[in-house]
Amino acid sequence: MSFSGRIAVVTGGASGIGAACCRLLAARGARVVVADLDTARAQALAAELLGMALTLDVASRDANEAAAAQVEADLGPVDLLVTSAGIIQRPVRAEAMTEAEVEQVVHVDQIGTWNSAVAFGTRMARRGHGAVVTIASIAGMRSMPLHAYSPAKAAVIEMTRCLAAEWGRSGVRVNAVSPGYTLTPALGAAIAAGERDPSLLENSSALGRMVTPEDIAEAVAFLASDAARSITGVNLPVDAGWLVAPSWGAYGGLPPARGNAP
Ligand SMILES: NC(=O)c1ccc[n+]([C@@H]2O[C@H](COP(=O)([O-])OP(=O)(O)OC[C@H]3O[C@@H](n4cnc5c(N)ncnc54)[C@H](O)[C@@H]3O)[C@@H](O)[C@H]2O)c1
């Protein structure tokens, strides 16, 4: 699965899942653009990967349009876009969330993903080829006490389907990856703040562990590659089996490991 000669833009590329995507795509030959609000970290990773750093606030439509134009002018046409820029929220009762908190999450996670996809994807569609991989979440597939984040991620999954249909005849594939609990700086900070319990997160999945950013990057690389040339409009959970496990609670929970059974 080589990306030699391809130009890949990763929003939120300076940290966590986005950084793992940058590293894997670069290792497989892509020229990577690390696009992030955090200029210093984007520059550090871009220098390490011999790529390009771009300061980008995905919440601004104009900034995304300017970024797409700048990358094209500096490097050439973009082949791949990964939209990993995002923020998480603290779990709170619905009535405890302020309108400003809801707006911030929706603006970055939902509208920001839309802004980047449309700015870069429209250019791909005009050229007749390209691939977009959005980073959604298992939170977009089940209810959680994350009253802004969950609906915003559900919207990312549905916008992925809409854009896949919009650009299919123009040769642009659009797919989503929905990570389960992935140990990144964002999740690490939530754990440190006491907003998430790591043992509960681990035990809630069938495999009994969290996901790594590298696990997500492998799925992203597959969907971005020519090996997935007939796949568009899907949402691929990479969740260590989180989606299949909770319903077993009504039957006493998951069976223990068979490893030491006689
Ligand atoms: N970590 C998890 O368990 C998990 C699970 C499901 C989905 N996700 C999603 O994966 C994506 C990456 O999360 P992560 O855990 O790697 O987080 P992270 O905080 O490690 O990385 C996110 C990056 O996005 C950047 N960013 C934030 N707001 C931005 C903006 N407005 N414009 C541009 N860049 C911005 C940050 O500077 C940071 O570098 C997010 O969309 C998140 O919702 C994460």
# chains A, B, ... in the order shown; residues from 1 in each chain; ligands from 1
>>> closest_atom_pairs(of="chain A", to="ligand 1", cutoff="6 Å", atoms="only C-alpha atoms and all ligand atoms", output="Markdown table")
| residue | atom | partner | partner_atom_place_in_ligand_line | distance |
| --- | --- | --- | --- | --- |
| A:Thr11 | CA | ligand 1 | 34 (N) | 6.0 |
| A:Gly12 | CA | ligand 1 | 24 (O) | 3.4 |
| A:Gly13 | CA | ligand 1 | 39 (O) | 5.9 |
| A:Ala14 | CA | ligand 1 | 39 (O) | 4.3 |
| A:Ser15 | CA | ligand 1 | 39 (O) | 4.1 |
| A:Gly16 | CA | ligand 1 | 16 (O) | 3.4 |
| A:Ile17 | CA | ligand 1 | 16 (O) | 3.8 |
| A:Gly18 | CA | ligand 1 | 16 (O) | 5.7 |
| A:Asp36 | CA | ligand 1 | 34 (N) | 4.0 |
| A:Leu37 | CA | ligand 1 | 33 (C) | 4.2 |
| A:Asp38 | CA | ligand 1 | 37 (O) | 4.8 |
| A:Leu56 | CA | ligand 1 | 33 (C) | 5.2 |
| A:Asp57 | CA | ligand 1 | 32 (N) | 3.5 |
| A:Val58 | CA | ligand 1 | 32 (N) | 4.1 |
| A:Ala59 | CA | ligand 1 | 31 (N) | 5.1 |
| A:Ser84 | CA | ligand 1 | 11 (C) | 4.4 |
| A:Ala85 | CA | ligand 1 | 24 (O) | 3.7 |
| A:Gly86 | CA | ligand 1 | 41 (O) | 3.6 |
| A:Ile87 | CA | ligand 1 | 43 (O) | 5.5 |
| A:Ile88 | CA | ligand 1 | 43 (O) | 5.7 |
| A:Val108 | CA | ligand 1 | 31 (N) | 5.2 |
| A:Ile135 | CA | ligand 1 | 41 (O) | 5.5 |
| A:Ala136 | CA | ligand 1 | 7 (C) | 5.7 |
| A:Ser137 | CA | ligand 1 | 6 (C) | 4.1 |
| A:Pro179 | CA | ligand 1 | 6 (C) | 4.2 |
| A:Gly180 | CA | ligand 1 | 5 (C) | 5.0 |
| A:Tyr181 | CA | ligand 1 | 3 (O) | 3.6 |
| A:Thr182 | CA | ligand 1 | 3 (O) | 3.6 |
| A:Leu183 | CA | ligand 1 | 1 (N) | 5.7 |
| A:Thr184 | CA | ligand 1 | 15 (O) | 4.7 |
| A:Pro185 | CA | ligand 1 | 20 (O) | 4.4 |
| A:Ala186 | CA | ligand 1 | 19 (O) | 4.0 |
| A:Leu187 | CA | ligand 1 | 1 (N) | 5.0 |
>>> residues_around(residues="Glu195 of chain A", least_positions_apart="6", cutoff="12 Å", atoms="only C-alpha atoms", output="compact mmCIF listing (two decimals) with N, CA and C atoms, in the first residue's frame")
# COMPACT_ATOMS: atom_id res chain seq x y z
N ILE A 88 -12.82 17.07 22.44
CA ILE A 88 -13.79 16.25 23.15
C ILE A 88 -14.46 17.11 24.23
N GLN A 89 -15.38 16.56 24.95
CA GLN A 89 -16.06 17.34 25.97
C GLN A 89 -16.13 16.55 27.27
N ARG A 90 -16.39 17.28 28.36
CA ARG A 90 -16.55 16.58 29.64
C ARG A 90 -17.96 15.99 29.69
N PRO A 91 -18.08 14.81 30.34
CA PRO A 91 -19.42 14.22 30.46
C PRO A 91 -20.23 14.94 31.52
N VAL A 92 -21.34 15.56 31.13
CA VAL A 92 -22.17 16.30 32.09
C VAL A 92 -23.64 16.07 31.78
N PRO A 145 -23.20 10.26 27.66
CA PRO A 145 -23.46 11.55 28.32
C PRO A 145 -22.56 12.65 27.76
N LEU A 146 -22.49 12.71 26.45
CA LEU A 146 -21.68 13.72 25.73
C LEU A 146 -22.63 14.40 24.76
N ALA A 186 -5.48 13.85 24.06
CA ALA A 186 -6.82 14.34 24.44
C ALA A 186 -7.46 13.42 25.48
N LEU A 187 -7.43 12.11 25.21
CA LEU A 187 -8.04 11.17 26.16
C LEU A 187 -7.21 11.12 27.44
N GLY A 188 -5.89 11.19 27.30
CA GLY A 188 -5.02 11.20 28.48
C GLY A 188 -5.34 12.36 29.41
N ALA A 189 -5.62 13.53 28.82
CA ALA A 189 -5.96 14.71 29.63
C ALA A 189 -7.29 14.51 30.34
N LEU A 201 -13.00 2.16 30.65
CA LEU A 201 -12.88 2.25 29.19
C LEU A 201 -12.35 0.94 28.61
>>> closest_residue(among="A:Ala165, A:Ala117, A:Val102, A:Ala125", to="Tyr149 of chain A", atoms="only C-alpha atoms")
A:Val102
>>> closest_residue(among="A:Phe222, A:Arg41, A:Arg6, A:Gly51", to="His129 of chain A", atoms="only C-alpha atoms")
A:Arg6
>>> closest_residue(among="A:Ile138, A:Asn64, A:Glu95, A:Ala131", to="Leu163 of chain A", atoms="only C-alpha atoms")
A:Ala131
>>> select_by_dssp(residues="segment 17-210 of chain A", states="helix (DSSP H, G or I)", output="JSON, numbers by chain")
{"A": [17, 18, 19, 20, 21, 22, 23, 24, 25, 26, 27, 39, 40, 41, 42, 43, 44, 45, 46, 47, 48, 49, 61, 62, 63, 64, 65, 66, 67, 68, 69, 70, 71, 72, 73, 74, 94, 95, 96, 99, 100, 101, 102, 103, 104, 105, 106, 107, 108, 109, 110, 111, 112, 113, 114, 115, 116, 117, 118, 119, 120, 121, 122, 123, 124, 125, 126, 127, 138, 139, 140, 149, 150, 151, 152, 153, 154, 155, 156, 157, 158, 159, 160, 161, 162, 163, 164, 165, 166, 167, 168, 169, 170, 185, 186, 187, 188, 189, 190, 191, 192, 198, 199, 200, 201, 202, 203]}
>>> residues_around(residues="Glu166 of chain A", least_positions_apart="4", cutoff="12 Å", atoms="only C-alpha atoms", output="ChimeraX atom specification")
/A:117-118,121-122,125,159-162,170-174,232-233
>>> write_last_selection(atoms="N, CA, C and O atoms", output="mmCIF file, in the first residue's frame")
data_model
loop_
_atom_site.group_PDB
_atom_site.id
_atom_site.type_symbol
_atom_site.label_atom_id
_atom_site.label_comp_id
_atom_site.auth_asym_id
_atom_site.auth_seq_id
_atom_site.Cartn_x
_atom_site.Cartn_y
_atom_site.Cartn_z
ATOM 1 N N ALA A 117 -13.551 19.145 4.476
ATOM 2 C CA ALA A 117 -13.938 18.196 3.416
ATOM 3 C C ALA A 117 -14.365 18.939 2.154
ATOM 4 O O ALA A 117 -13.971 18.570 1.040
ATOM 5 N N VAL A 118 -15.145 20.002 2.326
ATOM 6 C CA VAL A 118 -15.647 20.717 1.156
ATOM 7 C C VAL A 118 -14.521 21.502 0.460
ATOM 8 O O VAL A 118 -14.414 21.493 -0.768
ATOM 9 N N GLY A 121 -12.116 18.570 -0.836
ATOM 10 C CA GLY A 121 -12.832 17.586 -1.661
ATOM 11 C C GLY A 121 -13.359 18.174 -2.958
ATOM 12 O O GLY A 121 -13.360 17.505 -4.001
ATOM 13 N N THR A 122 -13.819 19.421 -2.918
ATOM 14 C CA THR A 122 -14.325 20.044 -4.148
ATOM 15 C C THR A 122 -13.221 20.137 -5.199
ATOM 16 O O THR A 122 -13.446 19.880 -6.388
ATOM 17 N N ALA A 125 -12.684 16.745 -6.611
ATOM 18 C CA ALA A 125 -13.773 16.390 -7.532
ATOM 19 C C ALA A 125 -13.570 17.054 -8.895
ATOM 20 O O ALA A 125 -13.814 16.436 -9.935
ATOM 21 N N MET A 159 -22.579 13.042 7.175
ATOM 22 C CA MET A 159 -22.027 13.927 6.129
ATOM 23 C C MET A 159 -21.054 13.148 5.246
ATOM 24 O O MET A 159 -20.923 13.425 4.056
ATOM 25 N N THR A 160 -20.394 12.153 5.823
ATOM 26 C CA THR A 160 -19.484 11.298 5.040
ATOM 27 C C THR A 160 -20.276 10.570 3.950
ATOM 28 O O THR A 160 -19.842 10.494 2.790
ATOM 29 N N ARG A 161 -21.449 10.066 4.321
ATOM 30 C CA ARG A 161 -22.290 9.372 3.332
ATOM 31 C C ARG A 161 -22.776 10.344 2.261
ATOM 32 O O ARG A 161 -22.784 10.038 1.065
ATOM 33 N N CYS A 162 -23.218 11.525 2.704
ATOM 34 C CA CYS A 162 -23.732 12.525 1.742
ATOM 35 C C CYS A 162 -22.639 12.925 0.746
ATOM 36 O O CYS A 162 -22.881 13.001 -0.460
ATOM 37 N N SER A 170 -17.485 11.852 -9.578
ATOM 38 C CA SER A 170 -16.281 12.659 -9.833
ATOM 39 C C SER A 170 -15.013 11.958 -9.354
ATOM 40 O O SER A 170 -13.941 12.573 -9.310
ATOM 41 N N GLY A 171 -15.140 10.688 -8.988
ATOM 42 C CA GLY A 171 -13.951 9.900 -8.661
ATOM 43 C C GLY A 171 -13.368 10.141 -7.281
ATOM 44 O O GLY A 171 -12.227 9.757 -7.020
ATOM 45 N N VAL A 172 -14.151 10.770 -6.397
ATOM 46 C CA VAL A 172 -13.658 11.024 -5.034
ATOM 47 C C VAL A 172 -14.390 10.099 -4.063
ATOM 48 O O VAL A 172 -15.626 10.099 -4.013
ATOM 49 N N ARG A 173 -13.626 9.316 -3.314
ATOM 50 C CA ARG A 173 -14.209 8.441 -2.297
ATOM 51 C C ARG A 173 -14.168 9.142 -0.936
ATOM 52 O O ARG A 173 -13.198 9.838 -0.631
ATOM 53 N N VAL A 174 -15.229 8.956 -0.167
ATOM 54 C CA VAL A 174 -15.309 9.590 1.154
ATOM 55 C C VAL A 174 -15.755 8.531 2.167
ATOM 56 O O VAL A 174 -16.837 7.955 2.023
ATOM 57 N N THR A 232 -16.760 3.328 -0.744
ATOM 58 C CA THR A 232 -17.052 4.733 -0.438
ATOM 59 C C THR A 232 -18.346 4.830 0.359
ATOM 60 O O THR A 232 -19.245 4.002 0.212
ATOM 61 N N GLY A 233 -18.395 5.795 1.255
ATOM 62 C CA GLY A 233 -19.604 6.031 2.052
ATOM 63 C C GLY A 233 -19.739 5.126 3.261
ATOM 64 O O GLY A 233 -20.803 5.067 3.876
#
>>> atom_distance(atom1="atom CA of Val33 of chain A", atom2="atom CA of Ala53 of chain A")
5.7 Å
